[in-house]
file data_26.csv (CSV, C-alpha atoms)
chain,number,residue,atom,x,y,z
Z,1,MET,CA,-31.7,12.3,-16.9
Z,2,VAL,CA,-33.5,10.4,-14.2
Z,3,ILE,CA,-30.7,10.9,-11.7
Z,4,ALA,CA,-31.5,14.6,-11.4
Z,5,VAL,CA,-34.6,13.8,-9.3
Z,6,TYR,CA,-32.5,12.1,-6.6
Z,7,THR,CA,-30.3,13.9,-4.1
Z,8,LYS,CA,-27.3,12.2,-2.4
Z,9,GLU,CA,-29.5,11.7,0.7
Z,10,ASP,CA,-32.2,10.0,-1.4
Z,11,ILE,CA,-29.7,7.6,-2.8
Z,12,PHE,CA,-28.4,6.9,0.8
Z,13,ASP,CA,-32.0,6.2,1.9
Z,14,ILE,CA,-32.5,3.8,-1.0
Z,15,LEU,CA,-29.2,2.0,-0.3
Z,16,SER,CA,-29.9,1.8,3.4
Z,17,THR,CA,-32.6,-0.8,2.7
Z,18,ILE,CA,-30.0,-3.3,1.3
Z,19,PRO,CA,-29.3,-6.0,3.9
Z,20,ASP,CA,-25.9,-7.5,4.6
Z,21,PRO,CA,-26.0,-10.9,2.7
Z,22,GLU,CA,-24.5,-12.7,5.7
Z,23,ILE,CA,-26.5,-11.1,8.5
Z,24,PRO,CA,-29.8,-10.1,6.9
Z,25,VAL,CA,-31.1,-8.3,10.0
Z,26,VAL,CA,-28.7,-5.4,9.5
Z,27,SER,CA,-28.2,-3.2,6.5
Z,28,ILE,CA,-24.9,-2.5,4.7
Z,29,GLN,CA,-25.2,1.1,5.9
Z,30,GLU,CA,-25.6,0.0,9.6
Z,31,MET,CA,-22.6,-2.2,9.1
Z,32,GLY,CA,-20.6,0.8,8.0
Z,33,MET,CA,-19.7,-0.7,4.6
Z,34,LEU,CA,-21.5,2.1,2.6
Z,35,ARG,CA,-19.0,4.9,2.6
Z,36,ASP,CA,-20.1,7.5,0.1
Z,37,VAL,CA,-22.3,8.4,-2.9
Z,38,ILE,CA,-21.0,10.7,-5.6
Z,39,LEU,CA,-23.5,12.1,-8.1
Z,40,SER,CA,-22.1,13.6,-11.3
Z,41,GLU,CA,-22.7,14.1,-14.9
Z,42,GLU,CA,-21.6,10.6,-15.6
Z,43,GLY,CA,-24.0,9.0,-13.2
Z,44,CYS,CA,-23.9,7.7,-9.7
Z,45,GLU,CA,-20.9,6.3,-8.0
Z,46,VAL,CA,-21.3,4.3,-4.8
Z,47,ILE,CA,-18.2,3.9,-2.6
Z,48,ILE,CA,-18.1,0.8,-0.4
Z,49,THR,CA,-15.5,-0.8,1.8
Z,50,PRO,CA,-15.1,-4.5,2.6
Z,51,THR,CA,-15.2,-5.8,6.2
Z,52,TYR,CA,-12.5,-8.3,5.4
Z,53,THR,CA,-10.2,-8.3,2.3
Z,54,GLY,CA,-11.5,-11.7,1.2
Z,55,CYS,CA,-15.1,-11.1,2.0
Z,56,PRO,CA,-17.0,-13.1,-0.5
Z,57,ALA,CA,-20.2,-11.1,0.0
Z,58,MET,CA,-18.7,-8.0,-1.7
Z,59,GLY,CA,-19.6,-9.2,-5.2
Z,60,MET,CA,-23.2,-9.8,-4.1
Z,61,ILE,CA,-23.4,-6.4,-2.4
Z,62,GLU,CA,-22.2,-4.7,-5.6
Z,63,GLU,CA,-25.0,-6.5,-7.6
Z,64,ASP,CA,-27.6,-5.6,-4.9
Z,65,ILE,CA,-26.6,-1.9,-5.1
Z,66,LYS,CA,-26.9,-1.9,-8.9
Z,67,GLN,CA,-30.1,-3.8,-8.9
Z,68,THR,CA,-31.8,-1.7,-6.2
Z,69,LEU,CA,-30.9,1.6,-7.9
Z,70,LYS,CA,-31.9,0.3,-11.3
Z,71,GLU,CA,-35.4,-0.5,-9.9
Z,72,LYS,CA,-35.6,3.2,-8.8
Z,73,GLY,CA,-34.7,4.4,-12.2
Z,74,VAL,CA,-31.1,5.3,-11.5
Z,75,ALA,CA,-28.9,4.3,-14.5
Z,76,ASP,CA,-25.1,4.4,-14.9
Z,77,VAL,CA,-24.3,3.2,-11.4
Z,78,LYS,CA,-20.7,2.4,-10.6
Z,79,VAL,CA,-19.6,0.7,-7.5
Z,80,LYS,CA,-16.1,1.4,-6.2
Z,81,LEU,CA,-14.3,-0.7,-3.6
Z,82,VAL,CA,-11.9,1.3,-1.3
Z,83,TYR,CA,-9.6,0.0,1.4
Z,84,ALA,CA,-8.9,3.2,3.2
Z,85,PRO,CA,-9.9,4.1,5.8
Z,86,ALA,CA,-9.9,0.4,6.9
Z,87,TRP,CA,-13.3,-0.8,8.0
Z,88,THR,CA,-13.7,-1.2,11.7
Z,89,THR,CA,-16.5,-2.7,13.9
Z,90,ASP,CA,-16.5,0.7,15.7
Z,91,TRP,CA,-18.5,2.0,12.7
Z,92,MET,CA,-21.4,-0.3,13.5
Z,93,SER,CA,-24.3,1.5,15.1
Z,94,SER,CA,-25.5,0.5,18.6
Z,95,GLU,CA,-28.9,-0.3,16.9
Z,96,ALA,CA,-27.2,-2.6,14.5
Z,97,LYS,CA,-25.4,-4.3,17.4
Z,98,GLU,CA,-28.7,-4.8,19.2
Z,99,LYS,CA,-30.4,-6.3,16.1
Z,100,MET,CA,-27.4,-8.6,15.7
Z,101,ARG,CA,-27.7,-9.8,19.3
Z,102,LYS,CA,-31.4,-10.5,18.9
Z,103,TYR,CA,-30.6,-12.5,15.7
Z,104,GLY,CA,-28.3,-14.7,17.9
Z,105,ILE,CA,-24.9,-13.3,17.1
Z,106,ALA,CA,-23.0,-11.7,20.0
Z,107,PRO,CA,-22.0,-8.2,18.7
Z,108,PRO,CA,-18.4,-6.9,18.9
Z,109,VAL,CA,-17.4,-5.8,22.4
Z,110,SER,CA,-16.7,-2.0,22.7
Z,111,VAL,CA,-13.9,-0.6,20.6
Z,112,ALA,CA,-11.6,-2.3,18.1
Z,113,CYS,CA,-8.8,-4.1,19.8
Z,114,ASN,CA,-5.6,-3.1,18.2
Z,115,LYS,CA,-3.3,-4.9,20.6
Z,116,LEU,CA,-1.4,-8.0,19.8
Z,117,HIS,CA,-2.9,-11.0,21.7
Z,118,ALA,CA,0.0,-13.4,21.1
Z,119,PHE,CA,-1.7,-16.1,23.1
Z,120,GLY,CA,-5.3,-15.7,22.0
Z,121,LYS,CA,-6.5,-13.8,25.0
Z,122,ASN,CA,-10.3,-14.1,25.2
Z,123,GLU,CA,-12.5,-11.1,24.9
Z,124,PHE,CA,-15.3,-10.6,27.4
Z,125,VAL,CA,-18.2,-11.9,25.4
Z,126,LYS,CA,-21.8,-12.2,26.7
Z,127,CYS,CA,-24.1,-15.0,25.5
Z,128,PRO,CA,-26.7,-13.5,23.0
Z,129,HIS,CA,-29.3,-15.9,24.3
Z,130,CYS,CA,-29.2,-15.8,28.1
Z,131,ASN,CA,-26.9,-12.8,28.6
Z,132,SER,CA,-24.5,-14.8,30.8
Z,133,ALA,CA,-20.9,-13.7,30.9
Z,134,GLN,CA,-19.8,-17.3,31.5
Z,135,THR,CA,-18.8,-18.0,28.0
Z,136,GLU,CA,-15.9,-19.8,26.5
Z,137,LEU,CA,-14.1,-19.4,23.1
Z,138,ILE,CA,-14.2,-22.5,21.0
Z,139,SER,CA,-12.4,-21.1,17.9
Z,140,MET,CA,-11.3,-17.6,16.7
Z,141,PHE,CA,-12.6,-18.5,13.3
Z,142,GLY,CA,-16.2,-19.3,12.5
Z,143,SER,CA,-18.6,-19.7,9.6
Z,144,THR,CA,-17.5,-16.4,8.1
Z,145,ALA,CA,-14.3,-14.5,8.3
Z,146,CYS,CA,-15.9,-11.9,10.7
Z,147,LYS,CA,-17.1,-14.3,13.3
Z,148,ALA,CA,-15.6,-16.5,16.1
Z,149,LEU,CA,-17.2,-19.6,17.8
Z,150,TYR,CA,-18.2,-19.5,21.4
Z,151,LYS,CA,-20.2,-21.6,23.8
Z,152,CYS,CA,-22.2,-20.5,26.8
Z,153,GLU,CA,-21.5,-22.3,30.0
Z,154,LYS,CA,-24.8,-21.4,31.5
Z,155,CYS,CA,-27.4,-22.1,28.8
Z,156,LYS,CA,-25.1,-24.6,27.1
Z,157,GLU,CA,-25.8,-23.1,23.7
Z,158,PRO,CA,-23.1,-22.5,21.1
Z,159,PHE,CA,-23.1,-19.1,19.5
Z,160,GLU,CA,-21.2,-16.9,17.1
Z,161,TYR,CA,-19.4,-13.7,18.1
Z,162,PHE,CA,-18.8,-10.9,15.6
Z,163,LYS,CA,-15.1,-10.2,16.2
Z,164,CYS,CA,-13.6,-6.8,17.0
Z,165,HIS,CA,-11.9,-5.6,14.0
P,1,MET,CA,15.7,0.2,-12.5
P,2,LYS,CA,12.9,2.8,-12.5
P,3,LYS,CA,10.6,3.4,-9.6
P,4,GLN,CA,7.6,2.1,-11.5
P,5,GLU,CA,9.3,-1.3,-12.2
P,6,ALA,CA,10.4,-1.5,-8.5
P,7,LEU,CA,6.9,-0.8,-7.3
P,8,TYR,CA,5.5,-3.4,-9.7
P,9,ASP,CA,7.9,-6.0,-8.4
P,10,TYR,CA,7.2,-5.1,-4.8
P,11,ALA,CA,3.4,-5.4,-5.2
P,12,LEU,CA,3.9,-8.7,-7.0
P,13,ARG,CA,6.0,-10.0,-4.1
P,14,LEU,CA,3.4,-9.1,-1.6
P,15,GLY,CA,0.6,-10.4,-3.8
P,16,ASP,CA,2.4,-13.7,-4.6
P,17,ASN,CA,3.1,-14.4,-1.0
P,18,SER,CA,-0.5,-14.0,-0.2
P,19,LEU,CA,-1.7,-16.0,-3.3
P,20,VAL,CA,0.6,-19.0,-2.8
P,21,LEU,CA,0.0,-19.3,0.9
P,22,GLY,CA,-3.7,-18.8,0.4
P,23,HIS,CA,-3.7,-21.7,-2.1
P,24,ARG,CA,-1.8,-23.9,0.3
P,25,LEU,CA,-4.2,-23.2,3.1
P,26,ALA,CA,-7.2,-23.7,0.8
P,27,GLU,CA,-5.9,-27.2,0.0
P,28,LEU,CA,-6.5,-28.1,3.6
P,29,CYS,CA,-10.3,-27.6,3.2
P,30,SER,CA,-11.9,-30.8,4.4
P,31,LYS,CA,-8.6,-32.0,5.7
P,32,GLY,CA,-8.4,-30.2,9.0
P,33,PRO,CA,-7.8,-32.3,12.1
P,34,ILE,CA,-11.1,-31.1,13.6
P,35,LEU,CA,-14.0,-29.2,12.2
P,36,GLU,CA,-13.1,-25.9,14.0
P,37,GLU,CA,-9.5,-26.1,12.5
P,38,ASP,CA,-10.9,-26.8,9.1
P,39,LEU,CA,-12.9,-23.6,9.4
P,40,ALA,CA,-9.9,-21.7,10.8
P,41,LEU,CA,-7.5,-22.7,8.1
P,42,THR,CA,-9.9,-22.0,5.2
P,43,ASN,CA,-10.8,-18.6,6.8
P,44,MET,CA,-7.2,-17.7,6.7
P,45,ALA,CA,-7.0,-18.9,3.1
P,46,LEU,CA,-9.7,-16.5,2.3
P,47,ASP,CA,-7.9,-13.6,4.0
P,48,HIS,CA,-4.8,-14.4,2.0
P,49,ILE,CA,-6.6,-14.7,-1.3
P,50,GLY,CA,-8.5,-11.4,-0.7
P,51,ARG,CA,-5.2,-9.7,0.0
P,52,ALA,CA,-3.6,-11.3,-3.1
P,53,GLN,CA,-6.5,-9.9,-5.2
P,54,ALA,CA,-5.8,-6.4,-3.8
P,55,PHE,CA,-2.0,-6.5,-4.2
P,56,LEU,CA,-2.1,-8.2,-7.7
P,57,GLY,CA,-4.8,-5.7,-8.8
P,58,TYR,CA,-2.5,-2.9,-7.7
P,59,ALA,CA,0.5,-4.5,-9.5
P,60,ALA,CA,-1.5,-4.7,-12.7
P,61,GLN,CA,-2.5,-1.1,-12.3
P,62,VAL,CA,1.2,0.0,-11.8
P,63,GLU,CA,2.3,-2.1,-14.8
P,64,GLY,CA,-0.2,-0.2,-16.9
P,65,LYS,CA,-0.7,-2.9,-19.5
P,66,ASN,CA,-4.5,-3.3,-19.0
P,67,LYS,CA,-4.1,-6.6,-17.1
P,68,THR,CA,-6.2,-7.7,-14.1
P,69,ALA,CA,-5.3,-9.5,-10.9
P,70,ASP,CA,-6.5,-12.7,-12.5
P,71,ASP,CA,-4.1,-12.3,-15.4
P,72,LEU,CA,-1.2,-12.0,-13.0
P,73,ALA,CA,-2.3,-14.9,-10.9
P,74,TYR,CA,-3.1,-17.3,-13.7
P,75,LYS,CA,-0.9,-16.4,-16.6
P,76,ARG,CA,2.6,-16.2,-15.3
P,77,GLY,CA,5.1,-19.1,-15.1
P,78,GLU,CA,6.9,-20.0,-12.0
P,79,ARG,CA,10.1,-18.0,-12.8
P,80,SER,CA,7.9,-14.9,-12.8
P,81,PHE,CA,6.6,-15.6,-9.2
P,82,TYR,CA,8.3,-13.7,-6.4
P,83,ASN,CA,6.8,-15.4,-3.3
P,84,ASN,CA,9.1,-16.5,-0.5
P,85,LEU,CA,9.9,-20.2,-0.6
P,86,ILE,CA,8.3,-20.9,2.8
P,87,MET,CA,4.8,-20.2,1.3
P,88,GLU,CA,5.2,-23.1,-1.1
P,89,LEU,CA,6.1,-25.7,1.5
P,90,PRO,CA,3.7,-28.7,1.5
P,91,ASP,CA,1.7,-29.6,4.6
P,92,LYS,CA,3.2,-32.8,6.0
P,93,ASP,CA,1.2,-32.9,9.2
P,94,PHE,CA,-0.7,-30.4,11.3
P,95,ALA,CA,2.5,-29.4,13.2
P,96,SER,CA,4.2,-28.5,9.9
P,97,THR,CA,1.2,-26.3,9.0
P,98,ILE,CA,1.3,-24.6,12.4
P,99,ALA,CA,5.1,-24.1,12.2
P,100,ARG,CA,4.9,-22.4,8.8
P,101,GLN,CA,1.9,-20.3,9.9
P,102,LEU,CA,3.8,-19.2,13.0
P,103,ILE,CA,6.9,-18.0,11.1
P,104,VAL,CA,4.8,-16.4,8.4
P,105,SER,CA,2.1,-14.7,10.5
P,106,ALA,CA,4.7,-13.2,12.8
P,107,PHE,CA,6.6,-11.9,9.8
P,108,GLU,CA,3.4,-10.5,8.2
P,109,PHE,CA,2.3,-8.9,11.4
P,110,PHE,CA,5.4,-6.8,11.8
P,111,LEU,CA,5.7,-6.2,8.0
P,112,TYR,CA,2.2,-4.9,7.6
P,113,THR,CA,2.3,-2.9,10.8
P,114,GLU,CA,5.3,-1.0,9.2
P,115,LEU,CA,3.8,-0.9,5.7
P,116,MET,CA,0.7,1.0,7.1
P,117,LYS,CA,3.1,4.0,7.2
P,118,SER,CA,4.2,3.5,3.5
P,119,LYS,CA,4.1,6.7,1.4
P,120,ASP,CA,2.4,4.7,-1.2
P,121,GLU,CA,-1.3,5.2,-0.4
P,122,THR,CA,-2.6,1.9,-1.9
P,123,ILE,CA,0.1,-0.2,-0.1
P,124,ALA,CA,-0.6,1.6,3.2
P,125,ALA,CA,-4.4,1.1,2.8
P,126,ILE,CA,-4.2,-2.7,2.0
P,127,SER,CA,-1.6,-3.1,4.8
P,128,ALA,CA,-3.9,-1.4,7.4
P,129,LYS,CA,-6.6,-3.9,6.4
P,130,ALA,CA,-4.3,-6.9,6.4
P,131,VAL,CA,-2.8,-6.2,9.8
P,132,LYS,CA,-6.2,-6.6,11.4
P,133,GLU,CA,-6.6,-10.0,9.9
P,134,VAL,CA,-3.0,-11.1,10.5
P,135,ARG,CA,-3.4,-10.4,14.2
P,136,TYR,CA,-5.9,-13.2,14.4
P,137,HIS,CA,-3.6,-15.5,12.3
P,138,LEU,CA,-0.7,-14.8,14.7
P,139,ALA,CA,-2.8,-15.5,17.8
P,140,HIS,CA,-4.0,-18.7,16.2
P,141,SER,CA,-0.6,-20.1,15.3
P,142,SER,CA,1.1,-18.9,18.5
P,143,ASP,CA,-1.7,-20.6,20.5
P,144,TRP,CA,-1.4,-23.9,18.6
P,145,THR,CA,2.4,-23.9,18.8
P,146,CYS,CA,2.0,-23.9,22.6
P,147,ARG,CA,-0.8,-26.4,22.7
P,148,LEU,CA,1.2,-28.9,20.6
P,149,GLY,CA,4.5,-28.1,22.3
P,150,GLU,CA,3.0,-28.5,25.8
P,151,GLY,CA,0.7,-31.4,24.7
P,152,THR,CA,1.8,-35.0,24.6
P,153,GLU,CA,5.2,-36.4,24.1
P,154,LEU,CA,4.3,-37.1,20.5
P,155,SER,CA,2.8,-33.7,19.7
P,156,HIS,CA,5.9,-32.1,21.3
P,157,THR,CA,8.2,-34.1,19.2
P,158,LYS,CA,6.3,-33.4,16.0
P,159,MET,CA,6.1,-29.6,16.8
P,160,GLN,CA,9.8,-29.4,17.5
P,161,ARG,CA,10.6,-31.3,14.3
P,162,ALA,CA,8.3,-29.0,12.3
P,163,ILE,CA,10.0,-25.9,13.6
P,164,ASN,CA,13.4,-27.4,12.9
P,165,ASP,CA,12.4,-28.3,9.3
P,166,VAL,CA,11.1,-24.9,8.4
P,167,TRP,CA,13.9,-22.9,10.0
P,168,MET,CA,16.1,-22.9,6.9
P,169,PHE,CA,13.4,-21.0,5.1
P,170,THR,CA,13.3,-18.1,7.5
P,171,GLU,CA,16.3,-16.1,6.5
P,172,GLU,CA,14.9,-15.6,3.0
P,173,LEU,CA,11.9,-13.6,4.3
P,174,PHE,CA,14.3,-10.8,5.2
P,175,GLU,CA,16.4,-10.7,2.0
P,176,MET,CA,16.5,-7.4,0.1
P,177,ASN,CA,17.6,-6.5,-3.4
P,178,GLU,CA,17.6,-3.4,-5.6
P,179,VAL,CA,13.8,-3.2,-5.4
P,180,ASP,CA,13.9,-2.7,-1.7
P,181,LYS,CA,16.8,-0.3,-1.8
P,182,LEU,CA,15.0,2.0,-4.3
P,183,LEU,CA,11.7,1.9,-2.5
P,184,ILE,CA,13.1,2.3,1.0
P,185,LYS,CA,14.6,5.6,-0.2
P,186,GLU,CA,11.1,6.7,-1.5
P,187,GLY,CA,9.6,5.8,1.9
P,188,ILE,CA,7.4,3.1,0.2
P,189,ALA,CA,9.1,-0.1,1.3
P,190,VAL,CA,10.2,-1.4,4.7
P,191,ASP,CA,13.8,-2.0,5.7
P,192,LEU,CA,13.4,-5.8,6.4
P,193,ASP,CA,16.6,-5.7,8.6
P,194,SER,CA,14.7,-3.6,11.1
P,195,LEU,CA,11.9,-6.1,11.3
P,196,LYS,CA,14.0,-9.1,12.1
P,197,PRO,CA,14.7,-8.4,15.8
P,198,GLN,CA,11.0,-7.9,16.6
P,199,TRP,CA,10.1,-11.0,14.6
P,200,LEU,CA,12.8,-13.1,16.3
P,201,ASN,CA,11.6,-11.9,19.8
P,202,HIS,CA,8.1,-13.0,19.2
P,203,ILE,CA,9.1,-16.4,17.8
P,204,LYS,CA,11.5,-16.9,20.8
P,205,GLU,CA,8.8,-16.0,23.2
P,206,VAL,CA,6.3,-18.4,21.7
P,207,ILE,CA,8.8,-21.2,21.4
P,208,GLU,CA,9.9,-20.8,25.0
P,209,GLU,CA,6.3,-20.8,26.2
P,210,ALA,CA,5.7,-23.9,24.2
P,211,THR,CA,8.7,-25.6,25.9
P,212,LEU,CA,10.4,-26.0,22.6
P,213,VAL,CA,13.9,-25.2,21.5
P,214,LEU,CA,14.8,-22.5,19.0
P,215,PRO,CA,16.7,-24.2,16.2
P,216,GLU,CA,20.3,-23.3,15.4
P,217,SER,CA,20.7,-21.4,12.2
P,218,GLY,CA,22.7,-23.5,9.7
P,219,TYR,CA,22.4,-23.5,5.9
P,220,MET,CA,19.7,-21.1,4.7
P,221,GLN,CA,17.6,-21.5,1.5
P,222,THR,CA,17.4,-18.6,-0.9
P,223,GLY,CA,16.1,-17.9,-4.4
P,224,SER,CA,12.7,-16.3,-4.6
P,225,ARG,CA,13.9,-12.7,-5.1
P,226,LYS,CA,15.3,-14.1,-8.5
P,227,GLY,CA,12.2,-16.2,-9.2
P,228,ILE,CA,14.0,-19.4,-8.3
P,229,HIS,CA,11.7,-21.8,-6.4
P,230,THR,CA,11.4,-25.1,-4.7
P,231,GLU,CA,10.0,-28.0,-6.8
P,232,TYR,CA,6.6,-27.4,-5.1
P,233,LEU,CA,5.7,-24.2,-6.8
P,234,GLY,CA,5.4,-25.7,-10.3
P,235,HIS,CA,2.9,-28.3,-8.9
P,236,ILE,CA,0.9,-25.6,-7.2
P,237,LEU,CA,0.7,-23.6,-10.4
P,238,SER,CA,-0.2,-26.5,-12.6
P,239,GLU,CA,-3.2,-27.1,-10.4
P,240,MET,CA,-4.1,-23.4,-9.7
P,241,GLN,CA,-3.7,-22.3,-13.3
P,242,TYR,CA,-5.2,-25.4,-15.0
P,243,LEU,CA,-8.6,-23.9,-15.9
P,244,GLN,CA,-7.3,-20.6,-17.3
P,245,ARG,CA,-4.7,-22.4,-19.4
P,246,ALA,CA,-7.1,-25.0,-20.7
P,247,TYR,CA,-9.9,-22.4,-21.4
P,248,PRO,CA,-8.1,-19.1,-21.7
P,249,THR,CA,-11.2,-16.9,-22.0
P,250,ALA,CA,-13.2,-18.6,-19.3
P,251,GLN,CA,-15.1,-16.2,-17.0
P,252,TRP,CA,-16.9,-16.8,-13.8

call {"tool": "encode", "arguments": {"input": "data_26.csv", "output": "structure tokens"}}
result
Amino acid sequence: MVIAVYTKEDIFDILSTIPDPEIPVVSIQEMGMLRDVILSEEGCEVIITPTYTGCPAMGMIEEDIKQTLKEKGVADVKVKLVYAPAWTTDWMSSEAKEKMRKYGIAPPVSVACNKLHAFGKNEFVKCPHCNSAQTELISMFGSTACKALYKCEKCKEPFEYFKCH
Amino acid sequence: MKKQEALYDYALRLGDNSLVLGHRLAELCSKGPILEEDLALTNMALDHIGRAQAFLGYAAQVEGKNKTADDLAYKRGERSFYNNLIMELPDKDFASTIARQLIVSAFEFFLYTELMKSKDETIAAISAKAVKEVRYHLAHSSDWTCRLGEGTELSHTKMQRAINDVWMFTEELFEMNEVDKLLIKEGIAVDLDSLKPQWLNHIKEVIEEATLVLPESGYMQTGSRKGIHTEYLGHILSEMQYLQRAYPTAQW
């Protein structure tokens, strides 16, 4: 069986090349969506977790994982979706956050905010273009479930912010 | 009633609430009052449909009859749906959407916060995920209630009317039956009586901030725990289930 030539670390390395379909500058591993790889007699099982329950990219990620491993000669790949522990932006590496900023998306600020902001209290978000802190929230919901819409008062550019989660 | 049946019912209830409200919100796609709100409402629809998929998938697994989440969503009639009546209510204007979302998102926030501690691992895991999303829904609906309440005379009037209209559907969210009794004993379900004070406090706080008046509780609607619904659910299902009923083996 081909699988025998790959270790768990090899599989992780292969999978770490798969980009996030929505933010192609970061990989699914850097995003923290890739949770585990289990190698057994039956084949290779890849455990992933969604960023949001309704994330439409999950189907695509599953296909990408199967396709990438198939190209490397790994057969019998199963992809399992788990909800626990719940994904958090805290799992994103600082490198990933920097790549995201350069791509034009403001990365999540510090740690996941678990407090109830009943009146939509703004988070302290810096503009990814000019680094100004004079920014204003336009809407808590953006082009994808994980992002909010902001505008910069200094450079006047609108931008997206990856919400704390 | 056996534990397995109760768990199936409970998972269906959580899944149906998410599915039906998700469908209602999805209907607003391209109908939002402004582009940002269109995005917000459809984002919330997506969160609900994702959660429905998780809970209905679990219900199917508990039932053990080889069904999928899609089978449960598309192949049941309205008397087999257990969503609360408030989820079915049509959107009359933007204020009615916000009023429904305020009542429901506050309820869901406290419900899922408690369900994170459920002894059922799957329910706890989905709830931990859901609560992160619902927090944004609640901030959104609380914020808009205040903006409309404190806005113009017209927006204030419409927001107050919307809260008054939806109020008779609030009591039903907290109704419990033998399913709850059995699962509370097992440490799986939440005692809904214990959620009500927190829920009411939040609603009161928002309504006060919005310079609105909390409606007086009069006649309260009931029915969903027995699968009895408003006339709106049948219409929702006829649209949502059309494709699967017309082409039963269709896949996408």

call {"tool": "atom_distance", "arguments": {"input": "data_26.csv", "atom1": "CA of Leu19 (chain P)", "atom2": "CA of Gly149 (chain P)"}}
result
29.0 Å

call {"tool": "atom_distance", "arguments": {"input": "data_26.csv", "atom1": "CA of Ala130 (chain P)", "atom2": "CA of Ile49 (chain P)"}}
result
11.2 Å

call {"tool": "atom_distance", "arguments": {"input": "data_26.csv", "atom1": "CA of Gln134 (chain Z)", "atom2": "CA of Glu153 (chain Z)"}}
result
5.5 Å

call {"tool": "closest_residue", "arguments": {"input": "data_26.csv", "among": "P:Leu243, P:Leu12, P:Cys146, P:Met87", "to": "Glu205 (chain P)", "atoms": "all atoms listed in the file"}}
result
P:Cys146

call {"tool": "interface_residues", "arguments": {"input": "data_26.csv", "of": "chain P", "to": "chain Z", "cutoff": "10 Å", "atoms": "only C-alpha atoms", "output": "short mmCIF file (atom, residue, chain, number, x, y, z; two decimals) with C-alpha atoms, in the coordinates of the input"}}
result
data_model
loop_
_atom_site.label_atom_id
_atom_site.label_comp_id
_atom_site.auth_asym_id
_atom_site.auth_seq_id
_atom_site.Cartn_x
_atom_site.Cartn_y
_atom_site.Cartn_z
CA GLU P 36 -13.10 -25.90 14.00
CA GLU P 37 -9.50 -26.10 12.50
CA ASP P 38 -10.90 -26.80 9.10
CA LEU P 39 -12.90 -23.60 9.40
CA ALA P 40 -9.90 -21.70 10.80
CA LEU P 41 -7.50 -22.70 8.10
CA THR P 42 -9.90 -22.00 5.20
CA ASN P 43 -10.80 -18.60 6.80
CA MET P 44 -7.20 -17.70 6.70
CA ALA P 45 -7.00 -18.90 3.10
CA LEU P 46 -9.70 -16.50 2.30
CA ASP P 47 -7.90 -13.60 4.00
CA HIS P 48 -4.80 -14.40 2.00
CA ILE P 49 -6.60 -14.70 -1.30
CA GLY P 50 -8.50 -11.40 -0.70
CA ARG P 51 -5.20 -9.70 0.00
CA ALA P 52 -3.60 -11.30 -3.10
CA GLN P 53 -6.50 -9.90 -5.20
CA ALA P 54 -5.80 -6.40 -3.80
CA ALA P 106 4.70 -13.20 12.80
CA PHE P 109 2.30 -8.90 11.40
CA GLU P 121 -1.30 5.20 -0.40
CA THR P 122 -2.60 1.90 -1.90
CA ILE P 123 0.10 -0.20 -0.10
CA ALA P 124 -0.60 1.60 3.20
CA ALA P 125 -4.40 1.10 2.80
CA ILE P 126 -4.20 -2.70 2.00
CA SER P 127 -1.60 -3.10 4.80
CA ALA P 128 -3.90 -1.40 7.40
CA LYS P 129 -6.60 -3.90 6.40
CA ALA P 130 -4.30 -6.90 6.40
CA VAL P 131 -2.80 -6.20 9.80
CA LYS P 132 -6.20 -6.60 11.40
CA GLU P 133 -6.60 -10.00 9.90
CA VAL P 134 -3.00 -11.10 10.50
CA ARG P 135 -3.40 -10.40 14.20
CA TYR P 136 -5.90 -13.20 14.40
CA HIS P 137 -3.60 -15.50 12.30
CA LEU P 138 -0.70 -14.80 14.70
CA ALA P 139 -2.80 -15.50 17.80
CA HIS P 140 -4.00 -18.70 16.20
CA SER P 141 -0.60 -20.10 15.30
CA SER P 142 1.10 -18.90 18.50
CA ASP P 143 -1.70 -20.60 20.50
CA TRP P 144 -1.40 -23.90 18.60
CA THR P 145 2.40 -23.90 18.80
CA CYS P 146 2.00 -23.90 22.60
CA HIS P 202 8.10 -13.00 19.20
CA GLU P 205 8.80 -16.00 23.20
CA VAL P 206 6.30 -18.40 21.70
CA GLU P 209 6.30 -20.80 26.20
#

call {"tool": "residues_around", "arguments": {"input": "data_26.csv", "residues": "Arg79 (chain P)", "least_positions_apart": "3", "cutoff": "8 Å", "atoms": "all atoms listed in the file", "output": "JSON list (two decimals) with C-alpha atoms, keeping the file's coordinate frame"}}
result
[["chain", "number", "residue", "atom", "x", "y", "z"],
["P", 82, "TYR", "CA", 8.30, -13.70, -6.40],
["P", 226, "LYS", "CA", 15.30, -14.10, -8.50],
["P", 227, "GLY", "CA", 12.20, -16.20, -9.20],
["P", 228, "ILE", "CA", 14.00, -19.40, -8.30],
["P", 229, "HIS", "CA", 11.70, -21.80, -6.40]]

call {"tool": "residues_around", "arguments": {"input": "data_26.csv", "residues": "Ser238 (chain P)", "least_positions_apart": "5", "cutoff": "10 Å", "atoms": "only C-alpha atoms", "output": "number ranges by chain"}}
result
P: 74, 77-78, 233, 243, 245

call {"tool": "write_last_selection", "arguments": {"input": "data_26.csv", "atoms": "C-alpha atoms", "output": "tab-separated table (two decimals), keeping the file's coordinate frame"}}
result
chain	number	residue	atom	x	y	z
P	74	TYR	CA	-3.10	-17.30	-13.70
P	77	GLY	CA	5.10	-19.10	-15.10
P	78	GLU	CA	6.90	-20.00	-12.00
P	233	LEU	CA	5.70	-24.20	-6.80
P	243	LEU	CA	-8.60	-23.90	-15.90
P	245	ARG	CA	-4.70	-22.40	-19.40

call {"tool": "residues_around", "arguments": {"input": "data_26.csv", "residues": "Val37 (chain Z)", "least_positions_apart": "6", "cutoff": "10 Å", "atoms": "all atoms listed in the file", "output": "PyMOL selection string"}}
result
chain Z and resi 7-9+11-12+15+44-48+78-80
